[in-house]
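Asks: work_19.txt is reproduced in full below (compact mmCIF, C-alpha atoms).
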```txt
# COMPACT_ATOMS: atom_id res chain seq x y z
CA MET A 1205 -0.26 15.92 -24.73
CA ALA A 1206 3.45 16.43 -25.00
CA TYR A 1207 5.63 15.04 -22.28
CA ILE A 1208 8.81 16.92 -21.66
CA ASP A 1209 11.52 14.57 -20.54
CA LEU A 1210 13.72 16.41 -18.12
CA PRO A 1211 17.23 15.15 -17.39
CA ALA A 1212 17.21 12.64 -14.56
CA PRO A 1213 17.42 14.52 -11.27
CA ALA A 1214 19.95 13.78 -8.58
CA PHE A 1215 17.11 12.96 -6.20
CA PRO A 1216 17.20 9.24 -5.45
CA SER A 1217 13.54 8.25 -5.21
CA PRO A 1218 11.25 7.36 -8.13
CA SER A 1219 7.97 7.43 -6.18
CA PRO A 1220 5.26 9.88 -5.32
CA MET A 1221 4.83 10.89 -1.72
CA HIS A 1222 7.61 8.68 -0.42
CA ILE A 1223 8.97 11.34 1.88
CA PRO A 1224 12.78 11.24 2.06
CA ASP A 1225 14.91 11.89 5.13
CA GLY A 1226 15.30 15.58 5.90
CA PHE A 1227 11.79 16.69 4.90
CA LEU A 1228 10.17 16.06 8.29
CA SER A 1229 11.22 17.60 11.60
CA GLY A 1230 11.98 15.33 14.55
CA PRO A 1231 8.65 15.79 16.37
CA VAL A 1232 6.65 15.35 13.17
CA ALA A 1233 8.57 12.18 12.30
CA ALA A 1234 7.95 10.87 15.82
CA LEU A 1235 4.22 11.62 15.51
CA GLY A 1236 4.22 9.68 12.24
CA TYR A 1237 5.73 6.65 13.92
CA ALA A 1238 3.21 6.88 16.77
CA LEU A 1239 0.24 7.13 14.38
CA ALA A 1240 1.49 4.31 12.16
CA ALA A 1241 2.19 2.09 15.17
CA ALA A 1242 -1.27 2.72 16.61
CA PHE A 1243 -3.05 1.86 13.37
CA VAL A 1244 -0.88 -1.19 12.70
CA ALA A 1245 -1.63 -2.39 16.24
CA VAL A 1246 -5.38 -2.03 15.63
CA ALA A 1247 -4.97 -3.75 12.26
CA VAL A 1248 -3.19 -6.72 13.86
CA TRP A 1249 -5.81 -6.89 16.59
CA ARG A 1250 -8.68 -6.79 14.07
CA THR A 1251 -7.15 -9.31 11.66
CA ASN A 1252 -5.84 -11.87 14.10
CA ARG A 1253 -9.43 -12.96 14.73
CA SER A 1254 -10.78 -12.68 11.22
CA LEU A 1255 -8.20 -14.00 8.73
CA SER A 1256 -9.68 -16.76 6.62
CA GLU A 1257 -7.53 -19.45 5.05
CA LYS A 1258 -7.83 -17.67 1.70
CA SER A 1259 -6.77 -14.31 3.14
CA VAL A 1260 -3.13 -15.24 3.73
CA PRO A 1261 -2.10 -16.14 0.15
CA LEU A 1262 -4.26 -13.28 -1.13
CA MET A 1263 -2.47 -10.82 1.17
CA GLY A 1264 0.89 -12.06 -0.05
CA VAL A 1265 -0.12 -11.80 -3.70
CA THR A 1266 -1.65 -8.35 -3.19
CA ALA A 1267 1.49 -7.07 -1.49
CA ALA A 1268 3.73 -8.48 -4.23
CA CYS A 1269 1.64 -6.98 -7.02
CA ILE A 1270 1.39 -3.58 -5.34
CA PHE A 1271 5.14 -3.53 -4.78
CA ALA A 1272 5.71 -4.32 -8.46
CA ALA A 1273 3.07 -1.85 -9.64
CA GLN A 1274 4.57 0.93 -7.51
CA MET A 1275 7.75 0.63 -9.58
CA MET A 1276 5.84 1.45 -12.77
CA ASN A 1277 5.91 5.23 -12.81
CA PHE A 1278 3.55 6.55 -15.47
CA PRO A 1279 4.00 9.99 -17.01
CA VAL A 1280 1.55 12.78 -16.21
CA ALA A 1281 1.66 16.28 -17.65
CA GLY A 1282 4.71 18.50 -17.59
CA GLY A 1283 7.58 16.05 -17.15
CA THR A 1284 6.20 14.60 -13.96
CA SER A 1285 5.43 10.99 -13.16
CA GLY A 1286 3.23 9.17 -10.71
CA HIS A 1287 2.45 5.60 -9.78
CA LEU A 1288 -0.04 3.47 -7.96
CA LEU A 1289 -0.26 3.73 -4.19
CA GLY A 1290 -2.51 0.70 -4.02
CA GLY A 1291 -4.14 1.15 -0.62
CA THR A 1292 -7.66 1.18 -2.06
CA LEU A 1293 -6.91 -1.86 -4.21
CA ALA A 1294 -5.52 -3.76 -1.23
CA ALA A 1295 -8.54 -2.85 0.92
CA ILE A 1296 -10.99 -4.05 -1.74
CA LEU A 1297 -9.14 -7.36 -2.08
CA VAL A 1298 -8.31 -8.22 1.53
CA GLY A 1299 -10.35 -5.80 3.63
CA PRO A 1300 -9.23 -2.55 5.23
CA TRP A 1301 -7.35 -3.89 8.25
CA ALA A 1302 -5.45 -6.62 6.43
CA ALA A 1303 -4.73 -3.96 3.77
CA ILE A 1304 -2.97 -1.84 6.39
CA ILE A 1305 -0.71 -4.81 7.15
CA VAL A 1306 -0.10 -5.33 3.42
CA MET A 1307 0.68 -1.65 2.77
CA THR A 1308 2.89 -1.33 5.86
CA SER A 1309 4.91 -4.30 4.63
CA VAL A 1310 5.28 -2.82 1.13
CA VAL A 1311 6.26 0.65 2.35
CA GLY A 1312 8.49 -0.83 5.04
CA VAL A 1313 10.45 -2.96 2.57
CA GLN A 1314 10.70 0.01 0.20
CA GLY A 1315 12.14 2.18 2.96
CA LEU A 1316 14.42 -0.35 4.65
CA MET A 1317 15.71 -2.22 1.63
CA PHE A 1318 15.25 0.03 -1.40
CA GLN A 1319 15.95 3.42 0.20
CA ASP A 1320 12.63 4.61 -1.22
CA GLY A 1321 11.35 6.92 1.48
CA GLY A 1322 13.49 7.98 4.42
CA LEU A 1323 13.84 6.02 7.65
CA SER A 1324 12.76 9.02 9.71
CA ALA A 1325 9.73 9.46 7.44
CA LEU A 1326 8.74 5.80 7.48
CA GLY A 1327 5.97 6.36 10.02
CA PHE A 1328 4.21 9.01 7.99
CA ASN A 1329 4.92 7.20 4.72
CA VAL A 1330 3.05 4.21 6.15
CA PHE A 1331 0.28 6.43 7.51
CA ASN A 1332 -0.17 8.51 4.32
CA MET A 1333 0.11 5.73 1.76
CA GLY A 1334 -1.11 2.74 3.75
CA VAL A 1335 -3.52 3.77 6.50
CA ILE A 1336 -5.41 6.71 4.97
CA THR A 1337 -5.72 5.03 1.57
CA ALA A 1338 -6.89 1.68 2.94
CA LEU A 1339 -9.48 3.03 5.38
CA VAL A 1340 -10.95 5.85 3.27
CA GLY A 1341 -10.74 3.85 0.04
CA TYR A 1342 -12.57 0.96 1.63
CA GLY A 1343 -15.23 3.24 3.08
CA ILE A 1344 -16.10 4.73 -0.29
CA TYR A 1345 -15.93 1.35 -2.01
CA HIS A 1346 -18.29 0.02 0.63
CA LEU A 1347 -20.77 2.82 -0.18
CA ALA A 1348 -20.54 1.91 -3.87
CA THR A 1349 -21.32 -1.74 -3.09
CA LEU A 1350 -24.37 -0.64 -1.12
CA LEU A 1351 -25.53 1.27 -4.21
CA THR A 1352 -25.02 -1.68 -6.55
CA ASN A 1353 -26.42 -4.17 -4.05
CA GLY A 1354 -24.31 -7.05 -5.33
CA ARG A 1355 -25.32 -6.65 -8.98
CA ARG A 1356 -22.74 -6.16 -11.71
CA SER A 1357 -23.00 -2.51 -12.60
CA TRP A 1358 -20.98 0.37 -13.93
CA VAL A 1359 -21.50 2.10 -10.61
CA LEU A 1360 -18.94 -0.19 -8.99
CA PRO A 1361 -15.86 0.61 -11.14
CA ILE A 1362 -16.81 4.29 -11.02
CA GLY A 1363 -17.04 4.05 -7.25
CA VAL A 1364 -13.64 2.34 -7.19
CA PHE A 1365 -12.20 5.11 -9.38
CA VAL A 1366 -13.59 7.85 -7.12
CA ALA A 1367 -12.39 6.05 -4.00
CA SER A 1368 -8.83 5.67 -5.32
CA TRP A 1369 -8.63 9.22 -6.68
CA LEU A 1370 -9.79 10.63 -3.37
CA THR A 1371 -7.28 8.60 -1.35
CA VAL A 1372 -4.42 9.96 -3.47
CA MET A 1373 -5.67 13.50 -2.85
CA LEU A 1374 -6.00 12.84 0.89
CA ALA A 1375 -2.51 11.35 1.04
CA ALA A 1376 -1.15 14.42 -0.79
CA PHE A 1377 -3.09 16.66 1.57
CA ALA A 1378 -1.67 14.91 4.62
CA THR A 1379 1.85 15.04 3.19
CA SER A 1380 1.51 18.79 2.59
CA ILE A 1381 0.47 19.39 6.18
CA GLU A 1382 3.34 17.28 7.48
CA LEU A 1383 5.82 19.24 5.34
CA ALA A 1384 4.35 22.57 6.43
CA VAL A 1385 4.36 21.72 10.14
CA SER A 1386 7.97 20.54 9.75
CA GLY A 1387 8.86 23.96 8.36
CA THR A 1388 9.99 22.46 5.06
CA SER A 1389 7.62 24.53 2.94
CA PRO A 1390 4.80 26.91 3.87
CA LEU A 1391 1.32 25.41 3.56
CA HIS A 1392 0.05 28.03 1.10
CA VAL A 1393 2.93 27.08 -1.21
CA VAL A 1394 3.10 23.32 -0.87
CA LEU A 1395 -0.60 22.49 -0.55
CA PRO A 1396 -1.89 23.86 -3.88
CA ALA A 1397 1.13 22.45 -5.71
CA MET A 1398 0.70 18.99 -4.19
CA MET A 1399 -3.05 18.91 -4.79
CA GLY A 1400 -2.62 20.02 -8.40
CA VAL A 1401 -0.06 17.37 -9.31
CA HIS A 1402 -1.83 14.60 -7.47
CA ALA A 1403 -5.20 15.39 -9.02
CA LEU A 1404 -3.58 14.05 -12.20
CA ILE A 1405 -1.69 11.19 -10.55
CA GLY A 1406 -4.96 10.20 -8.84
CA VAL A 1407 -6.55 9.66 -12.25
CA GLY A 1408 -3.87 7.05 -12.96
CA GLU A 1409 -4.49 5.47 -9.56
CA GLY A 1410 -8.23 5.41 -10.26
CA LEU A 1411 -7.91 3.86 -13.71
CA ILE A 1412 -5.45 1.18 -12.58
CA THR A 1413 -7.46 0.30 -9.47
CA ALA A 1414 -10.78 0.16 -11.36
CA ALA A 1415 -9.20 -2.01 -14.06
CA ALA A 1416 -7.57 -4.33 -11.52
CA VAL A 1417 -10.77 -4.74 -9.50
CA THR A 1418 -12.81 -5.36 -12.66
CA PHE A 1419 -10.24 -7.95 -13.74
CA VAL A 1420 -10.42 -9.79 -10.42
CA LEU A 1421 -14.23 -9.55 -10.30
CA THR A 1422 -14.37 -11.08 -13.77
CA THR A 1423 -11.83 -13.86 -13.25
CA ARG A 1424 -12.06 -14.66 -9.52
CA PRO A 1425 -15.07 -12.88 -7.97
CA ASP A 1426 -14.66 -15.02 -4.86
CA LEU A 1427 -11.46 -13.14 -4.02
CA VAL A 1428 -13.00 -9.70 -3.60
CA GLU A 1429 -13.85 -8.60 -0.07
CA GLN A 1430 -17.33 -9.26 0.91
CA PRO A 1431 -19.71 -6.33 1.27
CA GLN A 1432 -21.65 -7.19 -1.86
CA ARG A 1433 -21.67 -10.86 -1.07
CA VAL A 1434 -23.04 -10.11 2.36
CA ALA A 1435 -25.77 -8.14 0.65
CA ARG A 1436 -26.48 -11.07 -1.66
CA GLU A 1437 -26.60 -13.53 1.18
CA GLY A 1438 -28.88 -11.20 3.01
CA GLY A 1439 -31.36 -11.68 0.18
CA LEU A 1440 -31.30 -8.03 -0.85
CA SER A 1441 -30.95 -8.68 -4.58
CA MET B 617 -2.47 -24.80 2.32
CA LYS B 618 -5.12 -26.03 -0.11
CA LYS B 619 -4.15 -26.57 -3.73
CA GLY B 620 -6.40 -23.76 -4.95
CA TYR B 621 -4.62 -21.29 -2.71
CA LEU B 622 -1.21 -22.49 -3.89
CA VAL B 623 -2.30 -21.89 -7.48
CA LEU B 624 -3.57 -18.43 -6.50
CA LEU B 625 -0.23 -17.69 -4.86
CA LEU B 626 1.83 -18.86 -7.82
CA VAL B 627 -0.32 -17.08 -10.41
CA GLY B 628 -0.34 -13.87 -8.35
CA LEU B 629 3.42 -13.93 -7.83
CA GLY B 630 3.80 -14.63 -11.54
CA ILE B 631 1.75 -11.52 -12.37
CA ALA B 632 3.89 -9.44 -10.01
CA LEU B 633 7.11 -10.75 -11.57
CA VAL B 634 5.79 -10.07 -15.07
CA ILE B 635 5.05 -6.48 -14.01
CA THR B 636 8.65 -6.08 -12.82
CA LEU B 637 9.84 -7.19 -16.27
CA PHE B 638 8.34 -3.96 -17.58
CA SER B 639 9.90 -1.77 -14.88
CA PRO B 640 12.68 -0.46 -17.17
CA LEU B 641 9.88 1.17 -19.19
CA ALA B 642 8.68 3.18 -16.19
CA SER B 643 8.87 6.95 -16.51
CA SER B 644 12.02 8.37 -14.95
CA SER B 645 10.53 11.84 -14.64
CA PRO B 646 10.37 13.24 -11.11
CA ASP B 647 7.27 12.09 -9.25
CA GLY B 648 4.59 14.26 -7.68
CA LEU B 649 6.31 15.11 -4.41
CA GLU B 650 9.72 15.41 -6.04
CA ARG B 651 8.33 17.76 -8.71
CA VAL B 652 6.72 19.97 -6.06
CA ALA B 653 9.93 19.94 -3.99
CA GLU B 654 11.87 21.01 -7.07
CA ASP B 655 9.41 23.74 -8.11
CA LYS B 656 9.03 25.10 -4.60
CA ALA B 657 12.76 24.91 -3.90
CA PHE B 658 12.88 22.57 -0.93
CA LEU B 659 14.30 19.56 -2.76
CA ASP B 660 17.78 20.15 -1.32
CA LYS B 661 16.45 19.63 2.20
CA GLY B 662 16.21 15.94 1.38
CA LYS B 663 19.02 13.77 2.70
CA ASP B 664 20.39 10.53 1.38
CA ALA B 665 19.68 7.37 3.31
CA PRO B 666 22.31 6.49 5.91
CA TYR B 667 22.90 3.17 4.14
CA GLN B 668 21.98 1.61 0.83
CA VAL B 669 20.85 -1.91 0.05
CA ILE B 670 19.11 -1.86 -3.32
CA ALA B 671 18.89 1.90 -3.74
CA ASP B 672 16.77 3.15 -6.64
CA TYR B 673 15.56 -0.43 -7.22
CA ALA B 674 18.79 -1.18 -9.11
CA PHE B 675 20.39 -4.40 -7.93
CA PRO B 676 24.06 -3.68 -7.23
CA TRP B 677 26.88 -5.32 -9.18
CA VAL B 678 24.76 -5.72 -12.30
CA GLY B 679 26.17 -3.67 -15.15
CA ASN B 680 23.09 -3.50 -17.35
CA GLU B 681 20.72 -0.92 -15.89
CA ASP B 682 17.55 -2.60 -17.15
CA ALA B 683 18.60 -6.00 -15.84
CA ALA B 684 19.58 -4.44 -12.51
CA THR B 685 16.13 -2.84 -12.15
CA ILE B 686 14.28 -6.03 -13.08
CA LEU B 687 16.41 -8.04 -10.66
CA GLY B 688 15.92 -5.46 -7.91
CA GLY B 689 12.17 -5.54 -8.47
CA ALA B 690 12.04 -9.33 -8.48
CA VAL B 691 13.97 -9.48 -5.20
CA GLY B 692 11.53 -6.96 -3.74
CA VAL B 693 8.51 -8.96 -4.90
CA VAL B 694 9.85 -12.12 -3.27
CA VAL B 695 10.84 -10.35 -0.04
CA VAL B 696 7.49 -8.53 0.30
CA ALA B 697 5.48 -11.67 -0.45
CA THR B 698 7.52 -13.79 1.95
CA PHE B 699 7.18 -11.21 4.70
CA VAL B 700 3.42 -10.81 4.31
CA LEU B 701 2.85 -14.57 4.08
CA THR B 702 4.87 -15.08 7.26
CA VAL B 703 2.91 -12.38 9.09
CA GLY B 704 -0.38 -13.73 7.76
CA LEU B 705 0.36 -17.32 8.74
CA GLY B 706 1.47 -16.10 12.17
CA LEU B 707 -1.77 -14.18 12.65
CA ARG B 708 -3.79 -17.22 11.51
CA ALA B 709 -1.98 -19.43 13.97
CA LEU B 710 -2.71 -16.90 16.71
CA SER B 711 -6.38 -16.62 15.80
CA ARG B 712 -6.76 -20.40 15.65
CA ARG B 713 -5.26 -20.65 19.11
CA THR B 714 -7.52 -17.99 20.54
CA ALA B 715 -10.52 -19.48 18.75
CA VAL B 716 -9.84 -22.91 20.28
CA ALA B 717 -9.20 -21.40 23.69
CA GLY B 718 -12.36 -19.35 23.39
CA THR B 719 -14.54 -22.42 22.84
CA LYS B 720 -13.32 -24.12 26.00
CA PRO B 721 -15.35 -23.63 29.13
CA ALA B 722 -13.45 -21.28 31.39
CA ALA B 723 -13.31 -23.89 34.13
CA LEU B 724 -11.05 -26.09 31.99
CA ALA B 725 -8.32 -23.45 31.91
CA PRO B 726 -7.21 -22.67 35.42
CA PRO B 727 -6.43 -18.99 35.88
CA GLY B 728 -2.77 -18.19 35.34
CA SER B 729 -2.20 -21.22 33.09
CA ALA B 730 -0.62 -20.97 29.66
CA GLY B 731 -4.02 -20.31 28.12
CA GLY B 732 -4.33 -17.12 30.13
CA LYS B 733 -1.57 -15.51 28.10
CA ALA B 734 -3.72 -15.04 25.02
CA GLY B 735 -6.49 -13.59 27.12
CA PRO B 736 -9.16 -14.18 24.47
CA ARG B 737 -12.20 -13.83 26.65
CA GLU B 738 -11.96 -10.17 27.57
CA ARG B 739 -11.44 -9.01 23.98
```
Show how you would write the structure in this file as structure tokens.
Replies:
Amino acid sequence: MAYIDLPAPAFPSPSPMHIPDGFLSGPVAALGYALAAAFVAVAVWRTNRSLSEKSVPLMGVTAACIFAAQMMNFPVAGGTSGHLLGGTLAAILVGPWAAIIVMTSVVGVQGLMFQDGGLSALGFNVFNMGVITALVGYGIYHLATLLTNGRRSWVLPIGVFVASWLTVMLAAFATSIELAVSGTSPLHVVLPAMMGVHALIGVGEGLITAAAVTFVLTTRPDLVEQPQRVAREGGLS
Amino acid sequence: MKKGYLVLLLVGLGIALVITLFSPLASSSPDGLERVAEDKAFLDKGKDAPYQVIADYAFPWVGNEDAATILGGAVGVVVVATFVLTVGLGLRALSRRTAVAGTKPAALAPPGSAGGKAGPRER
């Protein structure tokens, strides 16, 4: 595949789906903040009872690695790049609710300190890239662990791949709707374009997430969130 | 924090910092949303941020672009990790307090005392 390297654009942000200022209308931006705040509140409520001693350093490490990985834009076809979102990875490592806290911190620092994603769009950037990805990614991963029943199997990395790919598509879908409702671009224009590009970017997300989870499962299986261990303890295998 | 967790933290942060060393190699092509915005002609609706700290991940006042990006990334890694660790430790402290309060018989904590603030029992 030939990559065409276009001259660097004037646009300041090297990240997929980090919505800049100006793309979302006032009411849509406000809705984004409300949604993000509601989910972060639930996440804090759910985690403040359940954080184990191991969770805290693992959350910090996960956030740091996702922040670093998000800087590594990889080329996809046609002079376009993409990079990891990481919500599925975070959810597999620390659980879905702690993952929302991790992702909100990453996206928040990107927006406030690195001008990656607009301030007005921060709510929906958190919701698209942190909430949707963590919850849906974890749900599908959980299904895959039920299938494998705690055994090492190829089903698990494939499940992780599918989960991560789907979360990228859902995040792109949500972003398209937010742009359309804001009047930035009509849905029939923006939606097919976004889904097409992110179908490719999602493959990168899936490969990276599956590789990272396999790496952690091989080196430190005790770090991965527990559905399969629960199954093992339940005597199902 | 137990020694094992400290090792985990240091190794994990090390991995993140090593990743940032490679950040100058990242593709500078427009990303998914930016490409769509360009193709569908709504890119110019985007506005610059009202202020800049480490815009574009390039640490200011560093001449070499690669070094600026690596430094920007490293600062980000440290800031993100510190923030999440602080939040996590805070949540742990909270949960330990509610857990202890929850194990006490209600009669020991008179209503309206300091323990009532956490309100663990009705959760």
Asks: Let me make sure I understand: among B:Pro646, B:Val634, B:Leu625, B:Val693, which one has the smallest atom-to-atom distance to Tyr673 in chain B if we use all atoms listed in the file?
Replies: B:Val693
Asks: Could you name the residues that touch range 678-682 of chain B at 10 Å or less, counting all atoms listed in the file, but leaving out those on the same chain fewer than 3 positions away, as number ranges by chain?
Replies: B: 637-641, 674-675, 685-688
Asks: Considering only C-alpha atoms, return as a VMD selection string whatever protein or nucleic-acid residues lie within 12 Å of Arg1250 in chain A, sequence-local ones (same chain, fewer than 4 positions apart) excluded.
Replies: (chain A and resid 1243 to 1246 1254 to 1255 1299 to 1305) or (chain B and resid 707 to 708 711 739)
Asks: May I have the selected residues written with C-alpha atoms, as a compact mmCIF listing (two decimals), in the frame of the given file?
Replies:
```
# COMPACT_ATOMS: atom_id res chain seq x y z
CA PHE A 1243 -3.05 1.86 13.37
CA VAL A 1244 -0.88 -1.19 12.70
CA ALA A 1245 -1.63 -2.39 16.24
CA VAL A 1246 -5.38 -2.03 15.63
CA SER A 1254 -10.78 -12.68 11.22
CA LEU A 1255 -8.20 -14.00 8.73
CA GLY A 1299 -10.35 -5.80 3.63
CA PRO A 1300 -9.23 -2.55 5.23
CA TRP A 1301 -7.35 -3.89 8.25
CA ALA A 1302 -5.45 -6.62 6.43
CA ALA A 1303 -4.73 -3.96 3.77
CA ILE A 1304 -2.97 -1.84 6.39
CA ILE A 1305 -0.71 -4.81 7.15
CA LEU B 707 -1.77 -14.18 12.65
CA ARG B 708 -3.79 -17.22 11.51
CA SER B 711 -6.38 -16.62 15.80
CA ARG B 739 -11.44 -9.01 23.98
```
Asks: Tell me, in Å to one decimal, how far CA of Gly1327 in chain A is from CA of Phe1227 in chain A.
Replies: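 Rounded to one decimal, the two atoms are 12.9 Å apart.
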Asks: Using only C-alpha atoms, which of the listed residues (A:Thr1413, A:Phe1377, A:Cys1269, A:Ser1386) sits closest to Leu1360 in chain A?
Replies: A:Thr1413
Asks: Starting from chain A, keep only residues with some atom at most 6 Å from an atom of chain B, counting all atoms listed in the file, and report them as a VMD selection string.
Replies: chain A and resid 1219 to 1221 1224 to 1227 1252 to 1253 1260 to 1261 1264 to 1265 1268 to 1269 1272 1276 to 1279 1283 to 1286 1317 to 1319 1401
Asks: CA of Leu1391 in chain A and CA of Tyr1237 in chain A are how many Å apart?
Replies: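 For CA of Leu1391 in chain A relative to CA of Tyr1237 in chain A, the distance reads 21.9 Å.
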Asks: To one decimal place in Å, what is the distance between CA of Thr1292 in chain A and CA of Ala1233 in chain A?
Replies: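 CA of Thr1292 in chain A sits 24.3 Å away from CA of Ala1233 in chain A.
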